[in-house]
$ cat final12.cif   # mmCIF, C-alpha atoms
data_entry
#
loop_
_atom_site.label_atom_id
_atom_site.label_comp_id
_atom_site.auth_asym_id
_atom_site.auth_seq_id
_atom_site.Cartn_x
_atom_site.Cartn_y
_atom_site.Cartn_z
CA MET C 2 -25.73 39.35 18.83
CA ALA C 3 -24.42 36.07 17.45
CA ASP C 4 -26.74 33.14 16.75
CA LYS C 5 -26.16 29.57 17.93
CA THR C 6 -23.60 29.02 15.19
CA GLY C 7 -21.68 32.16 16.17
CA LYS C 8 -22.78 33.98 13.02
CA GLN C 9 -23.79 37.62 13.26
CA PRO C 10 -27.20 37.86 11.53
CA GLY C 11 -27.77 40.48 8.87
CA ARG C 12 -31.05 42.25 8.20
CA ALA C 13 -32.42 39.36 6.15
CA ASP C 14 -31.60 36.84 8.89
CA ARG C 15 -33.04 38.63 11.88
CA VAL C 16 -36.35 37.44 13.26
CA PRO C 17 -38.89 40.27 12.93
CA ASP C 18 -40.43 41.59 16.12
CA ASP C 19 -43.98 41.28 14.78
CA PRO C 20 -45.55 37.87 15.59
CA MET C 21 -47.69 38.01 12.43
CA LEU C 22 -44.52 37.38 10.43
CA TRP C 23 -43.39 34.40 12.50
CA PRO C 24 -45.12 31.58 10.56
CA LEU C 25 -43.12 32.45 7.45
CA THR C 26 -39.99 33.37 9.38
CA ALA C 27 -40.08 29.93 10.97
CA ALA C 28 -40.20 28.38 7.53
CA ARG C 29 -37.11 30.28 6.52
CA LEU C 30 -35.24 29.16 9.61
CA ALA C 31 -36.44 25.59 9.31
CA MET C 32 -33.78 24.55 6.81
CA ASP C 33 -31.01 25.25 9.31
CA ALA C 34 -33.03 23.75 12.13
CA CYS C 35 -34.18 20.52 10.51
CA PHE C 36 -31.48 18.30 12.04
CA TRP C 37 -32.01 19.93 15.44
CA TRP C 38 -35.73 19.15 15.09
CA MET C 39 -35.06 15.50 14.46
CA GLU C 40 -33.40 15.22 17.85
CA ARG C 41 -36.35 16.73 19.69
CA GLY C 42 -39.50 15.04 20.91
CA PRO C 43 -42.98 16.23 19.95
CA VAL C 44 -44.26 19.41 21.52
CA GLU C 45 -47.42 19.06 23.56
CA SER C 46 -50.08 21.71 23.14
CA SER C 47 -51.05 23.78 26.16
CA ASP C 48 -54.65 24.64 26.98
CA CYS C 49 -55.77 28.17 26.25
CA CYS C 50 -56.66 29.96 29.43
CA LEU C 51 -56.93 33.69 28.74
CA PRO C 52 -60.53 34.90 29.05
CA TRP C 53 -62.25 37.00 26.42
CA THR C 54 -62.58 40.72 27.01
CA THR C 55 -66.12 41.00 25.64
CA PRO C 56 -68.89 38.75 26.99
CA SER C 57 -69.89 36.23 24.34
CA THR C 58 -71.62 32.95 23.74
CA VAL C 59 -70.81 30.22 21.23
CA ALA C 60 -73.48 30.48 18.54
CA LEU C 61 -72.15 27.64 16.41
CA GLU C 62 -69.58 24.85 16.65
CA LEU C 63 -67.92 24.10 13.31
CA ALA C 64 -64.89 22.08 12.25
CA THR C 65 -62.75 25.17 11.75
CA MET C 66 -64.18 27.59 14.30
CA ARG C 67 -66.45 28.48 17.13
CA LEU C 68 -68.68 31.32 16.02
CA ARG C 69 -68.73 33.76 18.95
CA ASP C 70 -71.81 35.89 19.44
CA CYS C 71 -70.80 39.14 21.15
CA ALA C 72 -74.03 40.91 20.22
CA ARG C 73 -75.68 43.31 22.64
CA THR C 74 -78.95 42.97 20.75
CA GLN C 75 -80.39 40.59 18.19
CA SER C 76 -81.68 43.39 15.98
CA GLY C 77 -79.77 45.57 13.59
CA GLN C 78 -77.06 45.03 10.99
CA PRO C 79 -74.60 42.24 11.98
CA ALA C 80 -70.82 42.58 11.67
CA LEU C 81 -68.58 39.50 11.60
CA VAL C 82 -64.94 40.03 12.59
CA CYS C 83 -62.83 37.54 10.62
CA ALA C 84 -59.72 37.06 12.75
CA PRO C 85 -56.40 36.04 11.19
CA LEU C 86 -55.51 32.35 11.29
CA ALA C 87 -51.75 32.75 11.34
CA LEU C 88 -50.30 31.37 14.58
CA HIS C 89 -52.21 33.09 17.40
CA ARG C 90 -55.73 32.93 18.83
CA ALA C 91 -58.58 35.15 17.70
CA LEU C 92 -58.13 36.98 21.01
CA ILE C 93 -56.04 39.37 18.90
CA ALA C 94 -59.43 40.92 18.00
CA ASP C 95 -60.60 41.15 21.62
CA PHE C 96 -57.37 41.47 23.55
CA ALA C 97 -58.12 43.85 26.44
CA PRO C 98 -60.24 46.90 27.29
CA GLY C 99 -59.10 49.71 25.01
CA HIS C 100 -57.30 47.19 22.81
CA SER C 101 -60.27 45.29 21.34
CA VAL C 102 -61.71 45.50 17.82
CA VAL C 103 -64.95 43.94 19.08
CA GLN C 104 -65.24 46.49 21.88
CA SER C 105 -64.40 49.45 19.62
CA LEU C 106 -67.07 48.45 17.12
CA GLN C 107 -69.62 48.11 19.89
CA ASP C 108 -68.64 51.44 21.45
CA GLY C 109 -69.09 52.95 17.99
CA GLY C 110 -72.69 51.77 17.82
CA VAL C 111 -72.29 48.44 16.02
CA ASP C 112 -74.31 46.35 18.45
CA ARG C 113 -74.38 42.98 16.66
CA VAL C 114 -70.77 41.80 16.52
CA TYR C 115 -69.67 38.20 15.91
CA LEU C 116 -66.16 36.73 15.83
CA THR C 117 -64.51 33.76 14.11
CA ASP C 118 -62.77 31.90 16.95
CA TRP C 119 -60.54 29.62 14.89
CA ARG C 120 -59.68 26.19 16.27
CA SER C 121 -56.16 24.87 16.60
CA ALA C 122 -55.61 22.09 14.07
CA THR C 123 -55.84 18.53 15.37
CA PRO C 124 -54.45 15.53 13.43
CA ASP C 125 -57.81 14.90 11.75
CA MET C 126 -57.84 18.49 10.47
CA ARG C 127 -54.57 18.22 8.52
CA TYR C 128 -56.30 18.05 5.12
CA LEU C 129 -58.52 21.08 5.68
CA SER C 130 -58.03 23.61 2.89
CA ILE C 131 -58.89 27.23 2.21
CA ASP C 132 -62.15 25.90 0.78
CA SER C 133 -62.88 24.30 4.15
CA TYR C 134 -62.58 27.67 5.87
CA LEU C 135 -64.65 29.43 3.22
CA SER C 136 -67.34 26.76 3.57
CA ASP C 137 -67.54 27.17 7.34
CA LEU C 138 -67.48 30.95 6.98
CA ASN C 139 -70.46 30.59 4.66
CA VAL C 140 -72.31 28.44 7.22
CA ALA C 141 -71.54 30.98 9.94
CA ILE C 142 -72.87 33.86 7.85
CA ASP C 143 -76.03 31.93 7.04
CA GLU C 144 -76.46 31.33 10.78
CA ILE C 145 -76.03 35.04 11.52
CA GLY C 146 -78.24 36.07 8.62
CA ALA C 147 -76.90 37.57 5.39
CA PRO C 148 -75.97 40.10 4.31
CA VAL C 149 -73.30 40.82 6.92
CA ASP C 150 -70.57 43.39 7.27
CA LEU C 151 -67.26 41.51 7.13
CA VAL C 152 -64.32 42.93 9.09
CA GLY C 153 -61.17 41.09 7.98
CA LEU C 154 -57.96 41.41 9.99
CA CYS C 155 -54.65 40.63 8.24
CA GLN C 156 -55.04 37.13 6.76
CA GLY C 157 -58.67 37.23 7.78
CA GLY C 158 -58.78 40.08 5.26
CA TRP C 159 -57.91 38.08 2.17
CA LEU C 160 -60.27 35.32 3.38
CA SER C 161 -63.05 37.90 3.72
CA LEU C 162 -62.28 39.31 0.29
CA LEU C 163 -62.38 35.84 -1.28
CA TYR C 164 -65.71 35.23 0.41
CA ALA C 165 -67.13 38.55 -0.79
CA ALA C 166 -66.10 37.70 -4.36
CA ARG C 167 -67.52 34.18 -4.13
CA PHE C 168 -70.78 35.21 -2.42
CA PRO C 169 -71.24 38.92 -3.25
CA ALA C 170 -74.91 39.00 -2.25
CA LYS C 171 -74.05 37.91 1.30
CA VAL C 172 -71.69 40.81 2.12
CA ARG C 173 -73.10 44.30 2.64
CA ARG C 174 -69.80 46.04 3.45
CA LEU C 175 -66.19 45.02 3.79
CA VAL C 176 -63.47 46.27 6.13
CA LEU C 177 -59.91 45.15 5.38
CA ALA C 178 -57.36 46.02 8.07
CA GLY C 179 -53.72 45.31 7.25
CA ALA C 180 -54.83 42.73 4.69
CA PRO C 181 -52.24 41.24 2.28
CA VAL C 182 -53.87 40.76 -1.13
CA ASP C 183 -51.48 41.83 -3.92
CA LEU C 184 -48.23 40.10 -2.96
CA SER C 185 -46.43 41.51 -6.00
CA ILE C 186 -45.99 44.68 -3.94
CA ASP C 187 -42.86 44.41 -1.84
CA SER C 188 -43.21 43.67 1.87
CA SER C 189 -41.54 41.57 4.56
CA LEU C 190 -44.28 38.99 4.08
CA SER C 191 -43.89 38.73 0.31
CA ARG C 192 -40.08 38.57 0.54
CA LEU C 193 -40.14 35.77 3.10
CA ALA C 194 -42.59 33.74 1.03
CA ARG C 195 -40.69 34.31 -2.19
CA ASN C 196 -37.15 33.67 -0.92
CA ALA C 197 -37.54 30.50 1.14
CA PRO C 198 -37.27 27.21 -0.82
CA GLU C 199 -40.54 25.33 -1.24
CA LEU C 200 -38.94 22.34 0.50
CA VAL C 201 -38.75 24.33 3.73
CA TYR C 202 -42.54 24.67 3.91
CA ASP C 203 -43.02 20.99 3.13
CA GLN C 204 -40.62 20.10 5.96
CA LEU C 205 -42.60 22.23 8.41
CA VAL C 206 -45.75 20.29 7.56
CA ALA C 207 -44.00 16.92 7.67
CA ARG C 208 -42.48 17.72 11.05
CA GLY C 209 -45.97 18.48 12.40
CA GLY C 210 -47.42 15.20 11.16
CA GLY C 211 -49.44 16.98 8.47
CA ASN C 212 -50.03 20.18 10.45
CA VAL C 213 -47.81 23.15 11.20
CA SER C 214 -47.12 23.35 14.93
CA GLY C 215 -47.44 26.82 16.40
CA GLU C 216 -45.43 25.91 19.48
CA GLU C 217 -42.75 24.32 17.32
CA MET C 218 -42.41 27.53 15.34
CA LEU C 219 -42.03 29.58 18.50
CA ARG C 220 -39.35 27.18 19.74
CA VAL C 221 -37.30 27.59 16.57
CA TRP C 222 -35.92 30.96 17.61
CA SER C 223 -36.57 31.33 21.39
CA LYS C 224 -36.96 35.10 21.00
CA ALA C 225 -39.72 36.63 23.07
CA PRO C 226 -41.00 40.10 22.16
CA SER C 227 -39.29 42.77 24.24
CA ARG C 228 -41.04 45.27 26.46
CA GLU C 229 -40.46 47.85 23.71
CA ASP C 230 -42.04 45.54 21.12
CA ILE C 231 -45.12 45.09 23.29
CA ALA C 232 -45.35 48.82 24.02
CA ALA C 233 -45.25 49.53 20.26
CA ALA C 234 -47.98 46.97 19.57
CA LEU C 235 -50.22 48.22 22.38
CA GLN C 236 -49.29 51.88 21.71
CA ARG C 237 -48.98 52.87 25.34
CA GLU C 238 -46.42 53.41 28.05
CA LEU C 239 -46.06 50.30 30.15
CA ALA C 240 -45.76 51.59 33.68
CA GLY C 241 -47.75 50.91 36.84
CA GLU C 242 -49.79 47.97 38.11
CA GLU C 243 -52.20 47.98 35.17
CA SER C 244 -49.29 47.65 32.76
CA VAL C 245 -47.86 44.70 34.69
CA ALA C 246 -51.12 42.84 34.13
CA LEU C 247 -51.23 43.90 30.49
CA LEU C 248 -47.66 42.71 29.90
CA ALA C 249 -48.45 39.36 31.49
CA ARG C 250 -51.57 39.04 29.35
CA PHE C 251 -49.61 39.78 26.17
CA ASP C 252 -46.92 37.25 27.10
CA GLN C 253 -49.58 34.61 27.70
CA TRP C 254 -51.38 35.45 24.45
CA ASN C 255 -48.09 35.10 22.61
CA LEU C 256 -47.65 31.58 24.03
CA GLU C 257 -51.19 30.45 23.20
CA THR C 258 -50.44 29.46 19.62
CA LEU C 259 -52.61 27.67 17.10
CA ASP C 260 -51.54 24.75 14.94
CA LEU C 261 -52.41 25.17 11.26
CA PRO C 262 -53.68 22.45 8.91
CA GLY C 263 -50.85 21.52 6.57
CA THR C 264 -52.97 21.61 3.42
CA TYR C 265 -54.35 25.05 4.30
CA TYR C 266 -50.89 26.37 5.17
CA LEU C 267 -49.28 25.17 1.93
CA GLU C 268 -52.13 26.60 -0.14
CA ILE C 269 -51.57 30.00 1.46
CA VAL C 270 -47.82 29.89 0.95
CA ASN C 271 -47.97 28.68 -2.65
CA ARG C 272 -51.19 29.98 -4.15
CA ILE C 273 -51.48 33.31 -2.34
CA PHE C 274 -48.03 34.43 -1.21
CA ARG C 275 -45.79 32.89 -3.86
CA GLU C 276 -48.06 32.77 -6.93
CA ASN C 277 -50.23 35.82 -6.07
CA ARG C 278 -53.33 34.13 -7.47
CA ILE C 279 -55.94 36.28 -5.71
CA ALA C 280 -54.62 39.52 -7.18
CA GLY C 281 -53.82 37.77 -10.46
CA GLY C 282 -57.40 36.60 -10.95
CA ASN C 283 -56.69 32.86 -11.12
CA PHE C 284 -57.59 31.69 -7.63
CA VAL C 285 -60.32 29.03 -7.54
CA ALA C 286 -62.58 29.05 -4.47
CA LEU C 287 -65.30 26.44 -3.96
CA GLY C 288 -65.17 25.43 -7.60
CA ARG C 289 -65.29 28.90 -9.13
CA ARG C 290 -62.52 31.17 -10.37
CA ILE C 291 -62.47 34.31 -8.28
CA ASP C 292 -62.74 37.67 -10.02
CA LEU C 293 -62.27 40.52 -7.54
CA LYS C 294 -64.25 42.76 -9.88
CA ASP C 295 -67.31 40.85 -8.63
CA VAL C 296 -66.80 42.62 -5.30
CA LYS C 297 -68.93 45.75 -5.54
CA ALA C 298 -69.72 46.27 -1.87
CA PRO C 299 -68.47 49.41 -0.12
CA ILE C 300 -64.94 48.86 1.28
CA PHE C 301 -62.95 50.46 4.08
CA LEU C 302 -59.17 49.93 3.89
CA LEU C 303 -57.09 50.44 7.04
CA ALA C 304 -53.28 50.49 6.92
CA GLY C 305 -50.38 51.14 9.30
CA LEU C 306 -47.79 53.73 8.34
CA ASP C 307 -45.11 51.71 10.16
CA ASP C 308 -46.38 48.32 9.01
CA ASP C 309 -43.64 46.34 7.25
CA VAL C 310 -45.80 43.19 7.13
CA VAL C 311 -48.49 44.78 4.95
CA PRO C 312 -47.24 48.24 3.94
CA VAL C 313 -49.63 51.04 3.08
CA ALA C 314 -49.03 50.61 -0.66
CA GLN C 315 -50.00 46.95 -0.47
CA ALA C 316 -53.02 47.50 1.76
CA PHE C 317 -54.38 50.31 -0.44
CA ALA C 318 -53.64 48.51 -3.74
CA THR C 319 -56.73 46.37 -3.15
CA ALA C 320 -58.84 49.37 -4.15
CA GLY C 321 -57.68 48.96 -7.76
CA LEU C 322 -58.48 45.25 -7.88
CA VAL C 323 -62.14 45.26 -6.85
CA GLY C 324 -65.27 46.31 -8.70
CA THR C 325 -66.41 48.70 -5.97
CA PRO C 326 -66.93 52.22 -7.36
CA PRO C 327 -64.20 54.58 -6.09
CA ALA C 328 -66.81 56.76 -4.35
CA PHE C 329 -67.62 53.81 -2.07
CA ILE C 330 -64.02 53.05 -1.07
CA ALA C 331 -62.76 54.66 2.14
CA ALA C 332 -59.14 54.47 3.28
CA ALA C 333 -57.30 55.47 6.42
CA SER C 334 -53.71 55.12 7.57
CA GLU C 335 -52.51 55.24 11.17
CA PRO C 336 -49.04 55.68 12.75
CA SER C 337 -48.95 52.02 13.67
CA ASN C 338 -47.06 48.80 13.11
CA HIS C 339 -48.95 45.66 12.09
CA LEU C 340 -50.08 44.42 15.48
CA GLY C 341 -50.95 47.96 16.48
CA LEU C 342 -53.73 48.01 13.88
CA PHE C 343 -55.60 45.41 15.95
CA MET C 344 -54.25 45.96 19.47
CA GLY C 345 -53.01 49.55 19.62
CA ALA C 346 -54.62 52.05 21.99
CA ARG C 347 -54.19 54.99 19.58
CA THR C 348 -55.65 53.03 16.69
CA HIS C 349 -58.65 52.11 18.82
CA ALA C 350 -59.06 55.72 19.87
CA HIS C 351 -58.94 57.11 16.33
CA ALA C 352 -59.33 54.59 13.48
CA TRP C 353 -61.79 52.03 14.77
CA PRO C 354 -64.42 54.60 15.83
CA ARG C 355 -64.21 55.90 12.25
CA VAL C 356 -64.70 52.35 10.94
CA ALA C 357 -67.74 51.90 13.19
CA ALA C 358 -69.22 55.21 12.03
CA TRP C 359 -68.65 54.20 8.40
CA LEU C 360 -70.44 50.89 8.99
CA ARG C 361 -73.42 52.77 10.43
CA ASP C 362 -73.49 55.43 7.71
CA ASP C 363 -76.24 54.85 5.15
CA LEU C 364 -73.84 56.15 2.42
CA SER C 365 -76.81 57.53 0.51
CA GLY C 366 -75.12 60.89 0.01
CA VAL C 367 -71.67 59.58 -0.91
CA LEU C 368 -72.14 59.77 -4.65
CA ALA C 369 -73.72 63.22 -4.40
CA ARG C 370 -70.87 64.54 -2.24
CA SER C 371 -68.22 63.15 -4.58
CA ALA C 372 -69.85 64.41 -7.79
#
$ encode --input "final12.cif" --output "structure tokens"
Amino acid sequence: MADKTGKQPGRADRVPDDPMLWPLTAARLAMDACFWWMERGPVESSDCCLPWTTPSTVALELATMRLRDCARTQSGQPALVCAPLALHRALIADFAPGHSVVQSLQDGGVDRVYLTDWRSATPDMRYLSIDSYLSDLNVAIDEIGAPVDLVGLCQGGWLSLLYAARFPAKVRRLVLAGAPVDLSIDSSLSRLARNAPELVYDQLVARGGGNVSGEEMLRVWSKAPSREDIAAALQRELAGEESVALLARFDQWNLETLDLPGTYYLEIVNRIFRENRIAGGNFVALGRRIDLKDVKAPIFLLAGLDDDVVPVAQAFATAGLVGTPPAFIAAASEPSNHLGLFMGARTHAHAWPRVAAWLRDDLSGVLARSA
């Protein structure tokens, strides 16, 4: 199918079906779209209206997030799900019954679950940095009561890993699901970050008045995910009345975008994706150089076999960067694309119960069994 210029796009020019790639895809397309942008008025943000799947209360209001308390009880080991801040709401972690990380953890016996409900960036948030998010994550964990089990999804994964390296005593266990850490390993995400000129990212921020507009990025390509895309993400046949409601919910979730602080966005693009500083050992977080060997907590790595955003090799490479003994590193791969790791029915039937069981395991016999 030809684009607006009549050009037939090749593989490198096509917009990927996975929404987790769209922030960087938008940057790549922005160079061609910059003059078109100048002729458009500002995009007004719409109010989020989709309800949460799991009952929750707001435990804490912070500049970057609302800390959601989904706990069934106030006793027991707490788990904090660190949602990705990469265009869409944290509802990705609590999308629908049978498609919810929060629900799957609870069904697996993890009763104290919390969630980072990231805020959409307002003009006064444009200078917030990665340090700002780490600081608020630290406040949230102190509010919950350390040590916590951190469950990082996609970009919430590298944020969780940074936090665990910066505050190792405050993290008991770490789950990284589809988390990009070593960007030297080839992936769609690393290629997009590497190939687009730096000026493109700066233009995105300038166009948003210091922030990156989620709605603006969606408008750049006007390509909605197809029914097949949604079925692959949710890992189910979409037929019947229930599926009509699920399709409508996905479409609405897709439209409920978040704006990103420009400073935070450019730090991710440059320091993490382009310069690979986390894996390279020269990322500075809250005034201290991060050494991933300081992470010695048990880790569970979850990857999708069909994930071109964070391929299995990239997701599992984190095991070689941390200081966690190999006996305390668990890994699982699922026949899933990227979104399916968080939303997919099969993944929630198979992988997430295993994650919950691993979080509840006392691990006391792991070393003996592996000897």
$ residues_around --input "final12.cif" --residues "segment 151-164 of chain C" --least-positions-apart "6" --cutoff "6 Å" --atoms "only C-alpha atoms" --output "PyMOL selection string"
chain C and resi 80-85+175-180+182
$ closest_residue --input "final12.cif" --among "C:Ser334, C:Gln204, C:Ser185, C:Thr74" --to "Ile279 of chain C" --atoms "only C-alpha atoms"
C:Ser185
$ resolve_selection --input "final12.cif" --expression "the PyMOL selection byres ((chain C and resi 170) around 10)" --output "PyMOL selection string"
chain C and resi 147-149+165-169+171-173+296-298
$ residues_around --input "final12.cif" --residues "Leu306 of chain C" --least-positions-apart "3" --cutoff "12 Å" --atoms "all atoms listed in the file" --output "NGL selection string"
:C and (179 or 303 or 309-317 or 333-342 or 348)
$ resolve_selection --input "final12.cif" --expression "the PyMOL selection byres ((chain C and resi 261) around 7)" --output "JSON, numbers by chain"
{"C": [121, 122, 212, 213, 214, 259, 260, 262, 263, 266]}
$ resolve_selection --input "final12.cif" --expression "the PyMOL selection byres ((chain C and resi 291) around 9)" --output "ChimeraX atom specification"
/C:163,166-167,279,282-286,289-290,292-295
$ closest_residue --input "final12.cif" --among "C:Ala87, C:Leu92, C:Leu322, C:Met218" --to "Asp183 of chain C" --atoms "only C-alpha atoms"
C:Leu322
$ atom_distance --input "final12.cif" --atom1 "atom CA of Glu144 of chain C" --atom2 "atom CA of Leu287 of chain C"
19.1 Å
$ closest_residue --input "final12.cif" --among "C:Ser188, C:Gln75, C:Thr319, C:Ser133" --to "Leu302 of chain C" --atoms "all atoms listed in the file"
C:Thr319
$ atom_distance --input "final12.cif" --atom1 "atom CA of Asp132 of chain C" --atom2 "atom CA of Thr117 of chain C"
15.7 Å
$ atom_distance --input "final12.cif" --atom1 "atom CA of Glu199 of chain C" --atom2 "atom CA of Glu257 of chain C"
27.1 Å
$ residues_around --input "final12.cif" --residues "Glu62 of chain C" --least-positions-apart "5" --cutoff "12 Å" --atoms "all atoms listed in the file" --output "ChimeraX atom specification"
/C:67-70,117-120,137-138,140-141,144
$ closest_residue --input "final12.cif" --among "C:Leu106, C:Leu267, C:Ala94, C:Cys71" --to "His351 of chain C" --atoms "all atoms listed in the file"
C:Leu106
$ closest_residue --input "final12.cif" --among "C:Arg174, C:Arg228, C:Arg355, C:Arg195" --to "Thr325 of chain C" --atoms "only C-alpha atoms"
C:Arg174
$ closest_residue --input "final12.cif" --among "C:Ser130, C:Ser227, C:Gln253, C:Ser244" --to "Ile269 of chain C" --atoms "all atoms listed in the file"
C:Ser130
$ axis_aligned_box --input "final12.cif" --around "segment 298-306 of chain C" --padding-each-side "4 Å" --output "AutoDock Vina command-line options"
--center_x -58.8 --center_y 50.0 --center_z 3.7 --size_x 29.9 --size_y 15.5 --size_z 19.2
$ residues_around --input "final12.cif" --residues "Ile330 of chain C" --least-positions-apart "2" --cutoff "8 Å" --atoms "all atoms listed in the file" --output "NGL selection string"
:C and (299-302 or 320 or 325-328 or 332)
$ write_last_selection --input "final12.cif" --atoms "C-alpha atoms" --output "PDB file, in the frame of the given file"
ATOM      1  CA  PRO C 299     -68.470  49.410  -0.120  1.00  0.00           C
ATOM      2  CA  ILE C 300     -64.940  48.860   1.280  1.00  0.00           C
ATOM      3  CA  PHE C 301     -62.950  50.460   4.080  1.00  0.00           C
ATOM      4  CA  LEU C 302     -59.170  49.930   3.890  1.00  0.00           C
ATOM      5  CA  ALA C 320     -58.840  49.370  -4.150  1.00  0.00           C
ATOM      6  CA  THR C 325     -66.410  48.700  -5.970  1.00  0.00           C
ATOM      7  CA  PRO C 326     -66.930  52.220  -7.360  1.00  0.00           C
ATOM      8  CA  PRO C 327     -64.200  54.580  -6.090  1.00  0.00           C
ATOM      9  CA  ALA C 328     -66.810  56.760  -4.350  1.00  0.00           C
ATOM     10  CA  ALA C 332     -59.140  54.470   3.280  1.00  0.00           C
TER      11      ALA C 332
END
$ residues_around --input "final12.cif" --residues "Phe96 of chain C" --least-positions-apart "6" --cutoff "12 Å" --atoms "all atoms listed in the file" --output "MDAnalysis selection string"
chainID C and resid 51:55 84 89:90 102:105 234:235 247:248 250:255 340:341 343:346 349
